[in-house]
Amino acid sequence: MFDNILAAIPFGIFLAFTIGPVFFVLLETSATKGFKSALIFDFGVILADVIFILLAFYSTNNLINKLKDDPNFLIFGGVLLVFYGFVSFIKTSKSFRSIVKEYYKVEIQKNVYGKLFIKGFFLNFINVGVLIGWLIFIAAGNAITETKEGLYVFVATILIVYFLTDLIKIAVAKRLRNRLTPRLIFKTKKVIALVILGFGLLLLVQGFFPKGKERLQEEIEHRL
């Protein structure tokens, strides 16, 4: 059992530092809104991960193959991310005054926490790559562990280490708040919106041209 825990720790750390929309938004939320806001956002992210884990445990091989081979899932996720990134960019561009007000506000309204939770869940849930990642982690767990209970411990450890690492990231990012000005926050939010839009475009490219990456790799190998 202890071996399963040790084997899972690197996976949890790797997952926490996987570069994606959630990674950037989590740091931005902590730096601009504080530790509690980022924690609520992360709870939404974790809920999406739990749902993905359940899907991965109870999915069939047909589902796994469909997710890997059907580009429509990538296109769907890409469209949502592009839409979200575009709307966020436009909204941020028109909201400098509200950012200034929020910067000097001591308390955050409770309904904002609910929005942050939904935002974390949404950004993680629409990324089909996260589900595929959990499928890979569980497949690795099956190879590493010897019992079903051991696999449960393995996956639970990944999730716990992932969350604890996120807490460290949140705490570190929070220290930047004192150095942020309203204008810098404004620029950061716009950059984050463009990053999300960029990830969406990347998913769209992978969805519309699923063989492009393989052809590029084959061309490079052929030239070498």
# chains A, B, ... in the order shown; residues from 1 in each chain; ligands from 1
>>> residues_around(residues="Leu176 in chain A", least_positions_apart="4", cutoff="9 Å", atoms="only C-alpha atoms", output="JSON, numbers by chain")
{"A": [30, 31, 32, 172, 180]}
>>> write_last_selection(atoms="all heavy atoms", output="PDB file, in the first residue's frame")
ATOM      1  N   SER A  30      -5.417  33.669  -7.709  1.00  0.00           N
ATOM      2  CA  SER A  30      -4.762  33.827  -6.421  1.00  0.00           C
ATOM      3  C   SER A  30      -4.085  35.185  -6.306  1.00  0.00           C
ATOM      4  O   SER A  30      -4.181  35.858  -5.273  1.00  0.00           O
ATOM      5  CB  SER A  30      -3.734  32.714  -6.206  1.00  0.00           C
ATOM      6  OG  SER A  30      -3.064  32.872  -4.979  1.00  0.00           O
ATOM      7  N   ALA A  31      -3.407  35.599  -7.369  1.00  0.00           N
ATOM      8  CA  ALA A  31      -2.660  36.853  -7.337  1.00  0.00           C
ATOM      9  C   ALA A  31      -3.574  38.069  -7.292  1.00  0.00           C
ATOM     10  O   ALA A  31      -3.244  39.082  -6.676  1.00  0.00           O
ATOM     11  CB  ALA A  31      -1.741  36.938  -8.551  1.00  0.00           C
ATOM     12  N   THR A  32      -4.729  37.987  -7.942  1.00  0.00           N
ATOM     13  CA  THR A  32      -5.610  39.157  -8.034  1.00  0.00           C
ATOM     14  C   THR A  32      -6.748  39.160  -7.029  1.00  0.00           C
ATOM     15  O   THR A  32      -7.217  40.220  -6.615  1.00  0.00           O
ATOM     16  CB  THR A  32      -6.210  39.266  -9.447  1.00  0.00           C
ATOM     17  OG1 THR A  32      -6.965  38.071  -9.742  1.00  0.00           O
ATOM     18  CG2 THR A  32      -5.116  39.430 -10.494  1.00  0.00           C
ATOM     19  N   VAL A 172       2.061  30.875  -3.194  1.00  0.00           N
ATOM     20  CA  VAL A 172       3.156  31.606  -3.829  1.00  0.00           C
ATOM     21  C   VAL A 172       2.609  32.745  -4.688  1.00  0.00           C
ATOM     22  O   VAL A 172       3.111  33.874  -4.650  1.00  0.00           O
ATOM     23  CB  VAL A 172       4.023  30.655  -4.685  1.00  0.00           C
ATOM     24  CG1 VAL A 172       5.038  31.446  -5.504  1.00  0.00           C
ATOM     25  CG2 VAL A 172       4.736  29.646  -3.788  1.00  0.00           C
ATOM     26  N   LEU A 180       1.032  43.963  -7.507  1.00  0.00           N
ATOM     27  CA  LEU A 180       0.155  44.183  -8.649  1.00  0.00           C
ATOM     28  C   LEU A 180      -0.581  45.511  -8.525  1.00  0.00           C
ATOM     29  O   LEU A 180      -1.116  45.839  -7.473  1.00  0.00           O
ATOM     30  CB  LEU A 180      -0.868  43.044  -8.770  1.00  0.00           C
ATOM     31  CG  LEU A 180      -0.317  41.668  -9.135  1.00  0.00           C
ATOM     32  CD1 LEU A 180      -1.440  40.636  -9.112  1.00  0.00           C
ATOM     33  CD2 LEU A 180       0.324  41.691 -10.515  1.00  0.00           C
TER      34      LEU A 180
END
>>> closest_residue(among="A:Lys148, A:Lys119, A:Lys187, A:Lys169", to="Gly44 in chain A", atoms="only C-alpha atoms")
A:Lys119
>>> residues_around(residues="Leu167 in chain A", least_positions_apart="6", cutoff="12 Å", atoms="only C-alpha atoms", output="MDAnalysis selection string")
chainID A and resid 13 16 26:27 30 34:43 160:161 173:174
